[in-house]
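What follows is the content of run31.pdb, which has PDB, C-alpha atoms:
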ATOM      1  CA  MET J  30     169.204 200.660  36.623
ATOM      2  CA  ALA J  31     165.910 202.554  36.736
ATOM      3  CA  VAL J  32     162.759 200.450  36.452
ATOM      4  CA  LYS J  33     160.045 201.767  34.152
ATOM      5  CA  LEU J  34     156.678 201.038  35.743
ATOM      6  CA  GLN J  35     153.610 200.474  33.605
ATOM      7  CA  GLU J  36     151.158 203.361  33.392
ATOM      8  CA  PRO J  37     147.880 201.919  32.072
ATOM      9  CA  GLU J  38     145.393 204.244  30.419
ATOM     10  CA  PHE J  39     142.760 203.751  33.126
ATOM     11  CA  VAL J  40     142.238 202.760  36.739
ATOM     12  CA  TYR J  41     138.913 202.137  38.467
ATOM     13  CA  MET J  42     138.381 204.714  41.215
ATOM     14  CA  ASN J  43     135.450 206.556  42.807
ATOM     15  CA  GLY J  44     133.083 204.075  41.163
ATOM     16  CA  LYS J  45     134.187 204.661  37.556
ATOM     17  CA  LEU J  46     137.042 204.410  35.081
ATOM     18  CA  THR J  47     139.524 207.208  35.697
ATOM     19  CA  LYS J  48     142.564 208.324  33.718
ATOM     20  CA  TRP J  49     145.823 207.142  35.262
ATOM     21  CA  ALA J  50     147.118 210.683  35.798
ATOM     22  CA  ASP J  51     143.904 211.689  37.599
ATOM     23  CA  ALA J  52     143.923 208.770  40.070
ATOM     24  CA  THR J  53     145.110 210.573  43.195
ATOM     25  CA  LEU J  54     144.598 210.448  46.967
ATOM     26  CA  HIS J  55     144.653 213.501  49.219
ATOM     27  CA  ILE J  56     147.778 213.816  51.381
ATOM     28  CA  GLY J  57     145.579 214.034  54.495
ATOM     29  CA  THR J  58     144.018 210.593  54.103
ATOM     30  CA  GLU J  59     145.050 207.750  56.382
ATOM     31  CA  ALA J  60     145.873 205.819  53.211
ATOM     32  CA  VAL J  61     148.777 208.266  52.828
ATOM     33  CA  THR J  62     149.654 209.229  56.392
ATOM     34  CA  ARG J  63     149.385 205.735  57.922
ATOM     35  CA  SER J  64     149.491 203.382  54.907
ATOM     36  CA  LEU J  65     145.894 202.360  55.607
ATOM     37  CA  ASN J  66     145.028 199.949  52.821
ATOM     38  CA  VAL J  67     144.354 196.282  52.200
ATOM     39  CA  PHE J  68     144.463 194.640  48.797
ATOM     40  CA  GLU J  69     144.221 191.542  46.645
ATOM     41  CA  GLY J  70     146.147 190.492  43.557
ATOM     42  CA  LEU J  71     144.123 188.809  40.804
ATOM     43  CA  LYS J  72     145.573 186.972  37.816
ATOM     44  CA  GLY J  73     143.696 186.534  34.559
ATOM     45  CA  TYR J  74     144.569 184.352  31.582
ATOM     46  CA  TRP J  75     143.482 184.093  27.968
ATOM     47  CA  GLN J  76     141.749 180.758  27.451
ATOM     48  CA  LYS J  77     142.078 178.367  24.540
ATOM     49  CA  ASP J  78     138.524 179.287  23.438
ATOM     50  CA  GLY J  79     139.421 182.997  23.207
ATOM     51  CA  SER J  80     137.741 184.084  26.452
ATOM     52  CA  PHE J  81     139.550 185.765  29.351
ATOM     53  CA  GLY J  82     139.227 184.193  32.794
ATOM     54  CA  ILE J  83     140.297 185.463  36.210
ATOM     55  CA  VAL J  84     141.122 182.690  38.672
ATOM     56  CA  PHE J  85     139.711 182.343  42.202
ATOM     57  CA  MET J  86     138.093 185.749  42.245
ATOM     58  CA  ARG J  87     135.617 184.955  45.016
ATOM     59  CA  ARG J  88     138.309 183.461  47.259
ATOM     60  CA  HIS J  89     140.296 186.679  46.878
ATOM     61  CA  TYR J  90     137.223 188.751  47.712
ATOM     62  CA  GLU J  91     136.645 186.742  50.874
ATOM     63  CA  ARG J  92     140.255 187.256  51.957
ATOM     64  CA  LEU J  93     139.925 190.978  51.209
ATOM     65  CA  LEU J  94     136.979 191.108  53.613
ATOM     66  CA  ARG J  95     139.008 189.352  56.314
ATOM     67  CA  SER J  96     141.905 191.780  55.910
ATOM     68  CA  ALA J  97     139.553 194.769  55.960
ATOM     69  CA  LYS J  98     137.858 193.490  59.120
ATOM     70  CA  LEU J  99     141.145 193.149  60.982
ATOM     71  CA  MET J 100     142.208 196.656  59.900
ATOM     72  CA  HIS J 101     138.821 198.214  60.816
ATOM     73  CA  LEU J 102     138.468 199.310  57.203
ATOM     74  CA  PRO J 103     134.874 199.254  55.874
ATOM     75  CA  CYS J 104     134.132 197.346  52.681
ATOM     76  CA  PRO J 105     130.549 198.115  51.579
ATOM     77  CA  TRP J 106     131.040 196.621  48.098
ATOM     78  CA  SER J 107     129.311 193.327  47.366
ATOM     79  CA  TYR J 108     131.028 190.529  45.498
ATOM     80  CA  GLY J 109     129.038 191.473  42.395
ATOM     81  CA  GLU J 110     130.188 195.104  42.568
ATOM     82  CA  TYR J 111     133.805 194.043  43.066
ATOM     83  CA  GLU J 112     133.618 191.606  40.150
ATOM     84  CA  SER J 113     131.927 194.174  37.911
ATOM     85  CA  ALA J 114     134.591 196.805  38.651
ATOM     86  CA  VAL J 115     137.409 194.403  37.777
ATOM     87  CA  HIS J 116     135.643 193.304  34.583
ATOM     88  CA  GLU J 117     135.080 196.906  33.502
ATOM     89  CA  LEU J 118     138.739 197.878  33.959
ATOM     90  CA  LEU J 119     140.187 194.757  32.359
ATOM     91  CA  GLY J 120     137.778 195.077  29.473
ATOM     92  CA  ALA J 121     139.208 198.523  28.780
ATOM     93  CA  LEU J 122     142.869 197.446  29.030
ATOM     94  CA  LEU J 123     143.170 193.881  27.712
ATOM     95  CA  THR J 124     145.173 193.023  24.616
ATOM     96  CA  LYS J 125     145.319 189.580  22.986
ATOM     97  CA  GLU J 126     149.114 189.468  23.267
ATOM     98  CA  GLN J 127     149.299 189.536  27.062
ATOM     99  CA  ASP J 128     147.645 188.248  30.219
ATOM    100  CA  MET J 129     146.821 190.643  33.054
ATOM    101  CA  TRP J 130     147.303 191.021  36.794
ATOM    102  CA  ALA J 131     144.902 193.263  38.704
ATOM    103  CA  ARG J 132     145.222 194.777  42.161
ATOM    104  CA  VAL J 133     142.045 195.569  44.083
ATOM    105  CA  THR J 134     142.853 197.963  46.942
ATOM    106  CA  LEU J 135     140.675 199.391  49.692
ATOM    107  CA  PHE J 136     142.147 202.757  50.683
ATOM    108  CA  GLY J 137     141.164 204.612  53.836
ATOM    109  CA  VAL J 138     140.073 207.961  52.361
ATOM    110  CA  GLU J 139     138.245 209.513  55.318
ATOM    111  CA  GLY J 140     138.551 209.260  59.099
ATOM    112  CA  HIS J 141     141.137 209.681  61.820
ATOM    113  CA  TRP J 142     142.595 206.988  64.101
ATOM    114  CA  GLY J 143     139.731 204.626  63.326
ATOM    115  CA  VAL J 144     136.943 207.168  63.858
ATOM    116  CA  GLY J 145     134.688 207.913  60.880
ATOM    117  CA  THR J 146     136.678 205.699  58.529
ATOM    118  CA  LYS J 147     135.492 205.461  54.933
ATOM    119  CA  SER J 148     137.066 203.544  52.057
ATOM    120  CA  ASP J 149     137.356 203.698  48.311
ATOM    121  CA  MET J 150     137.836 200.602  46.181
ATOM    122  CA  VAL J 151     140.554 201.220  43.617
ATOM    123  CA  VAL J 152     141.413 198.713  40.887
ATOM    124  CA  THR J 153     144.615 198.897  38.880
ATOM    125  CA  ALA J 154     145.715 196.371  36.248
ATOM    126  CA  TYR J 155     148.965 195.595  34.473
ATOM    127  CA  ASN J 156     149.943 193.578  31.409
ATOM    128  CA  GLN J 157     151.753 190.298  32.021
ATOM    129  CA  ARG J 158     153.703 188.164  29.588
ATOM    130  CA  LYS J 159     152.186 184.800  28.724
ATOM    131  CA  GLU J 160     155.507 182.965  29.107
ATOM    132  CA  GLN J 161     156.081 180.899  32.229
ATOM    133  CA  PRO J 162     158.469 182.539  34.741
ATOM    134  CA  ALA J 163     162.133 181.592  34.455
ATOM    135  CA  PRO J 164     164.120 180.177  37.410
ATOM    136  CA  ILE J 165     165.476 182.765  39.844
ATOM    137  CA  LYS J 166     168.242 183.201  42.422
ATOM    138  CA  ILE J 167     167.178 184.191  45.928
ATOM    139  CA  GLY J 168     168.815 185.023  49.240
ATOM    140  CA  ILE J 169     167.877 184.888  52.911
ATOM    141  CA  SER J 170     167.256 188.320  54.353
ATOM    142  CA  THR J 171     168.498 189.794  57.615
ATOM    143  CA  TRP J 172     165.056 191.412  57.931
ATOM    144  CA  GLN J 173     162.350 189.449  59.769
ATOM    145  CA  ARG J 174     158.640 188.863  59.294
ATOM    146  CA  SER J 175     156.606 190.490  62.066
ATOM    147  CA  GLY J 176     154.543 188.427  64.490
ATOM    148  CA  ASP J 177     150.779 188.191  64.824
ATOM    149  CA  ASN J 178     150.809 190.620  67.762
ATOM    150  CA  ALA J 179     152.819 193.232  65.842
ATOM    151  CA  LEU J 180     151.631 193.486  62.251
ATOM    152  CA  PRO J 181     149.536 190.381  61.540
ATOM    153  CA  TYR J 182     150.890 188.509  58.519
ATOM    154  CA  ARG J 183     147.430 187.179  57.594
ATOM    155  CA  VAL J 184     146.389 190.757  56.789
ATOM    156  CA  LYS J 185     147.199 191.523  53.159
ATOM    157  CA  ALA J 186     147.942 195.188  53.809
ATOM    158  CA  GLY J 187     150.352 197.509  52.053
ATOM    159  CA  ALA J 188     152.070 198.154  55.395
ATOM    160  CA  ASN J 189     152.920 194.457  55.666
ATOM    161  CA  TYR J 190     155.114 194.767  52.573
ATOM    162  CA  GLU J 191     157.453 197.388  54.034
ATOM    163  CA  VAL J 192     159.741 194.680  55.396
ATOM    164  CA  GLY J 193     159.599 192.995  51.988
ATOM    165  CA  ARG J 194     160.702 196.249  50.374
ATOM    166  CA  LEU J 195     163.695 196.458  52.712
ATOM    167  CA  ALA J 196     164.542 192.827  51.981
ATOM    168  CA  ARG J 197     164.289 193.409  48.206
ATOM    169  CA  ILE J 198     166.680 196.376  48.499
ATOM    170  CA  GLU J 199     169.071 194.157  50.447
ATOM    171  CA  GLY J 200     168.726 191.397  47.865
ATOM    172  CA  ALA J 201     169.289 193.685  44.885
ATOM    173  CA  ARG J 202     172.622 194.704  46.368
ATOM    174  CA  LEU J 203     173.576 191.014  46.513
ATOM    175  CA  GLY J 204     172.305 190.164  43.039
ATOM    176  CA  TYR J 205     169.170 188.262  44.091
ATOM    177  CA  SER J 206     165.716 188.524  42.518
ATOM    178  CA  ASP J 207     163.894 187.853  45.789
ATOM    179  CA  MET J 208     164.570 187.185  49.452
ATOM    180  CA  ILE J 209     163.336 184.772  52.094
ATOM    181  CA  LEU J 210     162.079 186.315  55.335
ATOM    182  CA  LEU J 211     162.655 184.411  58.555
ATOM    183  CA  ASN J 212     160.486 184.749  61.638
ATOM    184  CA  SER J 213     161.622 185.617  65.169
ATOM    185  CA  ALA J 214     162.499 181.937  65.791
ATOM    186  CA  GLY J 215     164.847 181.908  62.793
ATOM    187  CA  ARG J 216     162.616 179.624  60.723
ATOM    188  CA  VAL J 217     161.271 180.224  57.226
ATOM    189  CA  SER J 218     158.263 182.519  56.963
ATOM    190  CA  GLU J 219     157.844 183.357  53.263
ATOM    191  CA  ALA J 220     159.459 185.363  50.475
ATOM    192  CA  THR J 221     158.888 189.109  50.120
ATOM    193  CA  ALA J 222     155.639 188.718  48.164
ATOM    194  CA  SER J 223     155.061 184.982  47.792
ATOM    195  CA  CYS J 224     154.986 181.697  49.687
ATOM    196  CA  VAL J 225     157.628 178.979  49.716
ATOM    197  CA  VAL J 226     157.252 175.409  48.452
ATOM    198  CA  MET J 227     160.054 172.927  49.124
ATOM    199  CA  VAL J 228     160.584 169.338  47.915
ATOM    200  CA  ARG J 229     162.598 166.835  49.939
ATOM    201  CA  ASP J 230     162.663 163.082  49.343
ATOM    202  CA  GLY J 231     159.610 163.179  47.110
ATOM    203  CA  VAL J 232     157.411 165.126  49.563
ATOM    204  CA  VAL J 233     156.199 168.695  48.999
ATOM    205  CA  TYR J 234     156.386 171.002  52.016
ATOM    206  CA  THR J 235     155.293 174.513  52.889
ATOM    207  CA  THR J 236     155.255 176.553  56.092
ATOM    208  CA  PRO J 237     152.173 176.837  58.351
ATOM    209  CA  HIS J 238     150.563 180.254  58.630
ATOM    210  CA  TYR J 239     151.561 180.607  62.282
ATOM    211  CA  GLU J 240     155.182 180.721  61.104
ATOM    212  CA  GLY J 241     154.442 184.040  59.392
ATOM    213  CA  SER J 242     153.122 183.194  55.925
ATOM    214  CA  LEU J 243     150.093 184.673  54.199
ATOM    215  CA  GLU J 244     146.941 182.560  53.909
ATOM    216  CA  SER J 245     147.614 182.161  50.202
ATOM    217  CA  VAL J 246     144.901 181.403  47.659
ATOM    218  CA  THR J 247     147.441 180.344  45.035
ATOM    219  CA  LEU J 248     149.298 178.104  47.480
ATOM    220  CA  ASP J 249     146.055 176.294  48.312
ATOM    221  CA  PHE J 250     145.616 175.637  44.585
ATOM    222  CA  VAL J 251     149.188 174.354  44.262
ATOM    223  CA  ALA J 252     148.518 171.982  47.167
ATOM    224  CA  GLU J 253     145.429 170.668  45.348
ATOM    225  CA  ILE J 254     147.473 170.094  42.195
ATOM    226  CA  ALA J 255     150.275 168.302  44.053
ATOM    227  CA  LYS J 256     147.793 165.937  45.712
ATOM    228  CA  SER J 257     146.010 165.314  42.388
ATOM    229  CA  LEU J 258     149.355 164.199  40.949
ATOM    230  CA  GLY J 259     149.875 161.756  43.795
ATOM    231  CA  TYR J 260     152.419 163.752  45.783
ATOM    232  CA  GLU J 261     152.209 164.119  49.544
ATOM    233  CA  PHE J 262     151.787 167.771  50.558
ATOM    234  CA  VAL J 263     152.820 168.540  54.139
ATOM    235  CA  VAL J 264     152.464 171.781  56.092
ATOM    236  CA  ARG J 265     155.147 172.079  58.775
ATOM    237  CA  PRO J 266     157.850 174.492  59.986
ATOM    238  CA  ILE J 267     160.878 174.742  57.685
ATOM    239  CA  ASP J 268     164.394 175.494  58.936
ATOM    240  CA  ARG J 269     166.616 177.950  57.108
ATOM    241  CA  THR J 270     169.241 175.322  56.247
ATOM    242  CA  GLU J 271     166.630 173.000  54.756
ATOM    243  CA  LEU J 272     166.284 175.445  51.878
ATOM    244  CA  MET J 273     169.960 175.022  51.087
ATOM    245  CA  ILE J 274     169.746 171.223  50.820
ATOM    246  CA  ALA J 275     166.277 171.005  49.251
ATOM    247  CA  ASP J 276     165.803 168.780  46.230
ATOM    248  CA  GLU J 277     163.580 171.445  44.679
ATOM    249  CA  LEU J 278     162.321 174.878  45.691
ATOM    250  CA  ALA J 279     159.753 177.289  44.287
ATOM    251  CA  LEU J 280     157.945 180.531  45.140
ATOM    252  CA  VAL J 281     154.158 180.688  44.822
ATOM    253  CA  GLY J 282     151.741 183.615  44.499
ATOM    254  CA  SER J 283     149.177 185.218  42.200
ATOM    255  CA  LEU J 284     151.862 187.385  40.575
ATOM    256  CA  ALA J 285     154.813 184.995  40.967
ATOM    257  CA  GLU J 286     152.564 182.077  39.873
ATOM    258  CA  LEU J 287     154.946 179.145  40.408
ATOM    259  CA  VAL J 288     158.572 180.112  39.845
ATOM    260  CA  PRO J 289     161.407 177.595  40.406
ATOM    261  CA  VAL J 290     164.485 178.578  42.421
ATOM    262  CA  GLU J 291     167.931 177.728  41.062
ATOM    263  CA  GLU J 292     170.005 179.216  43.874
ATOM    264  CA  VAL J 293     169.441 180.156  47.508
ATOM    265  CA  ASP J 294     172.119 182.104  49.386
ATOM    266  CA  GLY J 295     174.820 180.772  47.059
ATOM    267  CA  PHE J 296     173.675 177.127  47.237
ATOM    268  CA  GLN J 297     172.787 175.675  43.833
ATOM    269  CA  LEU J 298     169.461 173.880  43.411
ATOM    270  CA  ASN J 299     167.841 171.959  40.572
ATOM    271  CA  PRO J 300     165.319 174.270  38.856
ATOM    272  CA  ASN J 301     164.083 171.440  36.620
ATOM    273  CA  GLY J 302     163.146 168.861  39.239
ATOM    274  CA  LYS J 303     160.391 166.480  38.216
ATOM    275  CA  ILE J 304     157.909 167.371  40.978
ATOM    276  CA  ILE J 305     157.869 171.160  40.621
ATOM    277  CA  THR J 306     157.961 170.718  36.836
ATOM    278  CA  ALA J 307     154.910 168.429  36.934
ATOM    279  CA  ILE J 308     152.995 170.806  39.218
ATOM    280  CA  ARG J 309     153.859 173.783  37.004
ATOM    281  CA  LYS J 310     152.744 171.946  33.878
ATOM    282  CA  ARG J 311     149.322 171.170  35.333
ATOM    283  CA  PHE J 312     149.024 174.625  36.943
ATOM    284  CA  PHE J 313     149.408 176.463  33.644
ATOM    285  CA  ALA J 314     147.253 173.976  31.752
ATOM    286  CA  ILE J 315     144.394 174.507  34.211
ATOM    287  CA  VAL J 316     144.570 178.319  34.354
ATOM    288  CA  ARG J 317     144.571 178.441  30.536
ATOM    289  CA  GLY J 318     141.544 176.191  30.247
ATOM    290  CA  GLU J 319     143.480 173.305  28.702
ATOM    291  CA  ASP J 320     142.953 170.924  31.638
ATOM    292  CA  ASN J 321     139.693 170.707  33.587
ATOM    293  CA  SER J 322     140.855 168.150  36.160
ATOM    294  CA  LEU J 323     140.612 170.838  38.867
ATOM    295  CA  ASP J 324     138.423 173.922  39.133
ATOM    296  CA  ALA J 325     140.183 177.299  38.904
ATOM    297  CA  GLU J 326     136.841 178.977  39.674
ATOM    298  CA  PHE J 327     137.051 181.336  36.700
ATOM    299  CA  SER J 328     135.294 184.674  36.507
ATOM    300  CA  PHE J 329     135.091 185.503  32.804
ATOM    301  CA  VAL J 330     135.247 189.057  31.492
ATOM    302  CA  PRO J 331     132.233 189.385  29.170
ATOM    303  CA  ASN J 332     133.424 189.487  25.569
ATOM    304  CA  ASP J 333     131.259 192.526  24.824
ATOM    305  CA  GLN J 334     133.257 194.451  27.450
ATOM    306  CA  ILE J 335     136.656 193.699  25.926
ATOM    307  CA  ARG J 336     137.435 196.645  23.691
ATOM    308  CA  SER J 337     140.313 194.889  21.907
ATOM    309  CA  LEU J 338     137.784 192.386  20.538
ATOM    310  CA  ASP J 339     135.613 195.106  18.962
TER     311      ASP J 339
END
Take the structure in the file and write it out as structure tokens.
Amino acid sequence: MAVKLQEPEFVYMNGKLTKWADATLHIGTEAVTRSLNVFEGLKGYWQKDGSFGIVFMRRHYERLLRSAKLMHLPCPWSYGEYESAVHELLGALLTKEQDMWARVTLFGVEGHWGVGTKSDMVVTAYNQRKEQPAPIKIGISTWQRSGDNALPYRVKAGANYEVGRLARIEGARLGYSDMILLNSAGRVSEATASCVVMVRDGVVYTTPHYEGSLESVTLDFVAEIAKSLGYEFVVRPIDRTELMIADELALVGSLAELVPVEEVDGFQLNPNGKIITAIRKRFFAIVRGEDNSLDAEFSFVPNDQIRSLD
């Protein structure tokens, strides 16, 4: 079945709002020829007071800088310029009925093999339903996460998602919504675009970054929530078969948010376990401004920039 992708009215490109159809890159750029880009995904939520807040925006900016540094991709934009660009685009696209996910991408638009490299900051944004994600079925892929000396997993680069694309294609053939990537040692790395959280015997576990998982902003927040609820949160390697006998399992990311897993490689799991359910409840209460027990570090889109409020 063909998937219809969203085509928003505007993107932010070349320092201004640009029509979707006009947002193009030249075929000679390294962004096209060598997939030279790094990016961040930002999630924003309508608040109970009617404002619109984007969570952990500065943390995402700081990770963007780290990715750009490792890829020798210049990022001359300050935090204020980055924040302003995102606010301007979301202000033009927001509707009261839906939340929004934004992607801030640094594309290599000039240069050759690292000489004379210049970047453009491009922001795209897409409507997201307000409903919490439903449980999903996942598999374990035959494709592997690359190592730090191949394509570093701590770099949030478009090229790092090629293996995820192959794994998703594999999973679609098997009827799975997502796939787990293992590392070269056969242990759990992460899913194709999100991190893994596992519950066993009342303890919450996730994989360390050296096992091949992204340094996730959202996962750090989930760890804070788990600890605030009194649950032990442990970072350690996870074996493949542990996923199959887990008490609870979930995928975590800015786009995935916190989605429970009901099946992994044909093994049934409980998608309504009390620990993941409790973490999810507090997660969504905090990001919607209904619970201030933890700080989601909101960046609010100024109301006078939101066209739908005019």
| So what does the PyMOL selection byres ((chain J and resi 40) around 10) actually pick up in this one, as JSON, numbers by chain? | {"J": [36, 37, 38, 39, 41, 42, 43, 45, 46, 47, 48, 49, 50, 51, 52, 114, 115, 117, 118, 119, 121, 122, 151, 152, 153, 154]}
Output the selection as a tab-separated table (two decimals), in the frame of the given file - C-alpha atoms for each residue.
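As written to disk, selection.tsv reads:
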chain	number	residue	atom	x	y	z
J	36	GLU	CA	151.16	203.36	33.39
J	37	PRO	CA	147.88	201.92	32.07
J	38	GLU	CA	145.39	204.24	30.42
J	39	PHE	CA	142.76	203.75	33.13
J	41	TYR	CA	138.91	202.14	38.47
J	42	MET	CA	138.38	204.71	41.22
J	43	ASN	CA	135.45	206.56	42.81
J	45	LYS	CA	134.19	204.66	37.56
J	46	LEU	CA	137.04	204.41	35.08
J	47	THR	CA	139.52	207.21	35.70
J	48	LYS	CA	142.56	208.32	33.72
J	49	TRP	CA	145.82	207.14	35.26
J	50	ALA	CA	147.12	210.68	35.80
J	51	ASP	CA	143.90	211.69	37.60
J	52	ALA	CA	143.92	208.77	40.07
J	114	ALA	CA	134.59	196.80	38.65
J	115	VAL	CA	137.41	194.40	37.78
J	117	GLU	CA	135.08	196.91	33.50
J	118	LEU	CA	138.74	197.88	33.96
J	119	LEU	CA	140.19	194.76	32.36
J	121	ALA	CA	139.21	198.52	28.78
J	122	LEU	CA	142.87	197.45	29.03
J	151	VAL	CA	140.55	201.22	43.62
J	152	VAL	CA	141.41	198.71	40.89
J	153	THR	CA	144.62	198.90	38.88
J	154	ALA	CA	145.72	196.37	36.25
| If the PyMOL selection byres ((chain J and resi 283) around 6) is run on the structure shown, which residues does it catch, given as a list in words? | Lys72, Thr247, Gly282, Leu284, Ala285 and Glu286 of chain J
Residue selection dump (C-alpha atoms) as a PDB file, keeping the file's coordinate frame:
ATOM      1  CA  LYS J  72     145.573 186.972  37.816  1.00  0.00           C
ATOM      2  CA  THR J 247     147.441 180.344  45.035  1.00  0.00           C
ATOM      3  CA  GLY J 282     151.741 183.615  44.499  1.00  0.00           C
ATOM      4  CA  LEU J 284     151.862 187.385  40.575  1.00  0.00           C
ATOM      5  CA  ALA J 285     154.813 184.995  40.967  1.00  0.00           C
ATOM      6  CA  GLU J 286     152.564 182.077  39.873  1.00  0.00           C
TER       7      GLU J 286
END
| For the point (151.1, 194.2, 49.5) in file coordinates, what residues are within 12 Å, counting only C-alpha atoms? Give the answer as number ranges by chain? | J: 64-70, 93, 96, 132-135, 182-194, 221-223, 243, 282-284
| query | Written as a ChimeraX atom specification, which residues does the PyMOL selection byres ((chain J and resi 330) around 8) give for the file shown? | reply | /J:80-83,116,119-120,328-329,331-332,334-335
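Each of J:Arg269, J:Glu126, J:Asn178, J:Phe262 was checked against Leu210 in chain J using all atoms listed in the file; the smallest atom-to-atom distance is that of J:Arg269.
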| said: Env of Val293 in chain J: 8 Å cut, atoms = only C-alpha atoms, seq-sep filter 4 positions within chain, self excluded. Answer as a list in words. | reply: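 Contacts, with the query itself left out: Lys166, Ile167, Gly168, Ile169, Leu272, Met273, Gln297 and Leu298 of chain J.
For the residues J:Gly215, J:Gly145, J:Pro164, J:Gly140, ranking by smallest atom-to-atom distance to Ile267 in chain J using only C-alpha atoms places J:Gly215 first.
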Would you compute the box with edges along x, y and z of the file around range 306-317 of chain J, including every atom the file lists for it and 6 Å extra on each side, and give its centre and edge lengths in Å to one decimal, as lines of an AutoDock Vina configuration file?
center_x = 151.2
center_y = 173.4
center_z = 34.9
size_x = 25.6
size_y = 22.0
size_z = 20.7
| In terms of the shortest atom-to-atom distance over only C-alpha atoms, which of J:Gly231, J:Gly137, J:Gly318, J:Gly44 is closest to Thr58 in chain J? | J:Gly137
| remark: What separates CA of Asp268 in chain J and CA of Leu211 in chain J is a distance of 9.1 Å
| field | Option closest in space to Thr270 in chain J, from J:Met227, J:Leu248, J:Gly73, J:Ala131 [counting all atoms listed in the file] | value |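 Smallest separation from Thr270 in chain J among the options: J:Met227.
CA of Val226 in chain J is positioned 16.8 Å from CA of Phe313 in chain J.
For the set J:Val251, J:Val246, J:Leu278, J:Val233, the residue with the smallest atom-to-atom gap to Arg92 in chain J is J:Val246, counting only C-alpha atoms.
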| In Å, with one decimal, what is the gap from CA of Lys147 in chain J to CA of Tyr90 in chain J? |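 We find that CA of Lys147 in chain J and CA of Tyr90 in chain J lie 18.3 Å from each other.
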| remark: One residue among J:Ala275, J:Gly143, J:Ile209, J:Glu319 is nearest to Pro300 in chain J when using only C-alpha atoms, and that residue is J:Ala275
| query | Got a sec: who's within 10 Å of Thr124 in chain J, counting all atoms listed in the file, leaving out chain neighbours fewer than 4 positions off, as a list in words? | reply | Trp75, Leu119, Gly120, Asp128, Met129, Asn156, Ile335, Arg336, Ser337 and Leu338 of chain J
| Phe250 in chain J: which residues within 12 Å, counting only C-alpha atoms, same-chain residues fewer than 3 positions away excluded, as a ChimeraX atom specification? | /J:84-85,88,244-247,253-257,262,281-283,286-287,308-309,311-313,315-316,323-326
Write out as a compact mmCIF listing (two decimals) with C-alpha atoms, in the coordinates of the input which residues come within 7 Å of Gly241 in chain J when counting only C-alpha atoms, dropping same-chain ones fewer than 3 positions away.
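Okay, part_13.txt is ready:
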# COMPACT_ATOMS: atom_id res chain seq x y z
CA ARG J 174 158.64 188.86 59.29
CA GLY J 176 154.54 188.43 64.49
CA TYR J 182 150.89 188.51 58.52
CA ASN J 212 160.49 184.75 61.64
CA SER J 218 158.26 182.52 56.96
CA HIS J 238 150.56 180.25 58.63
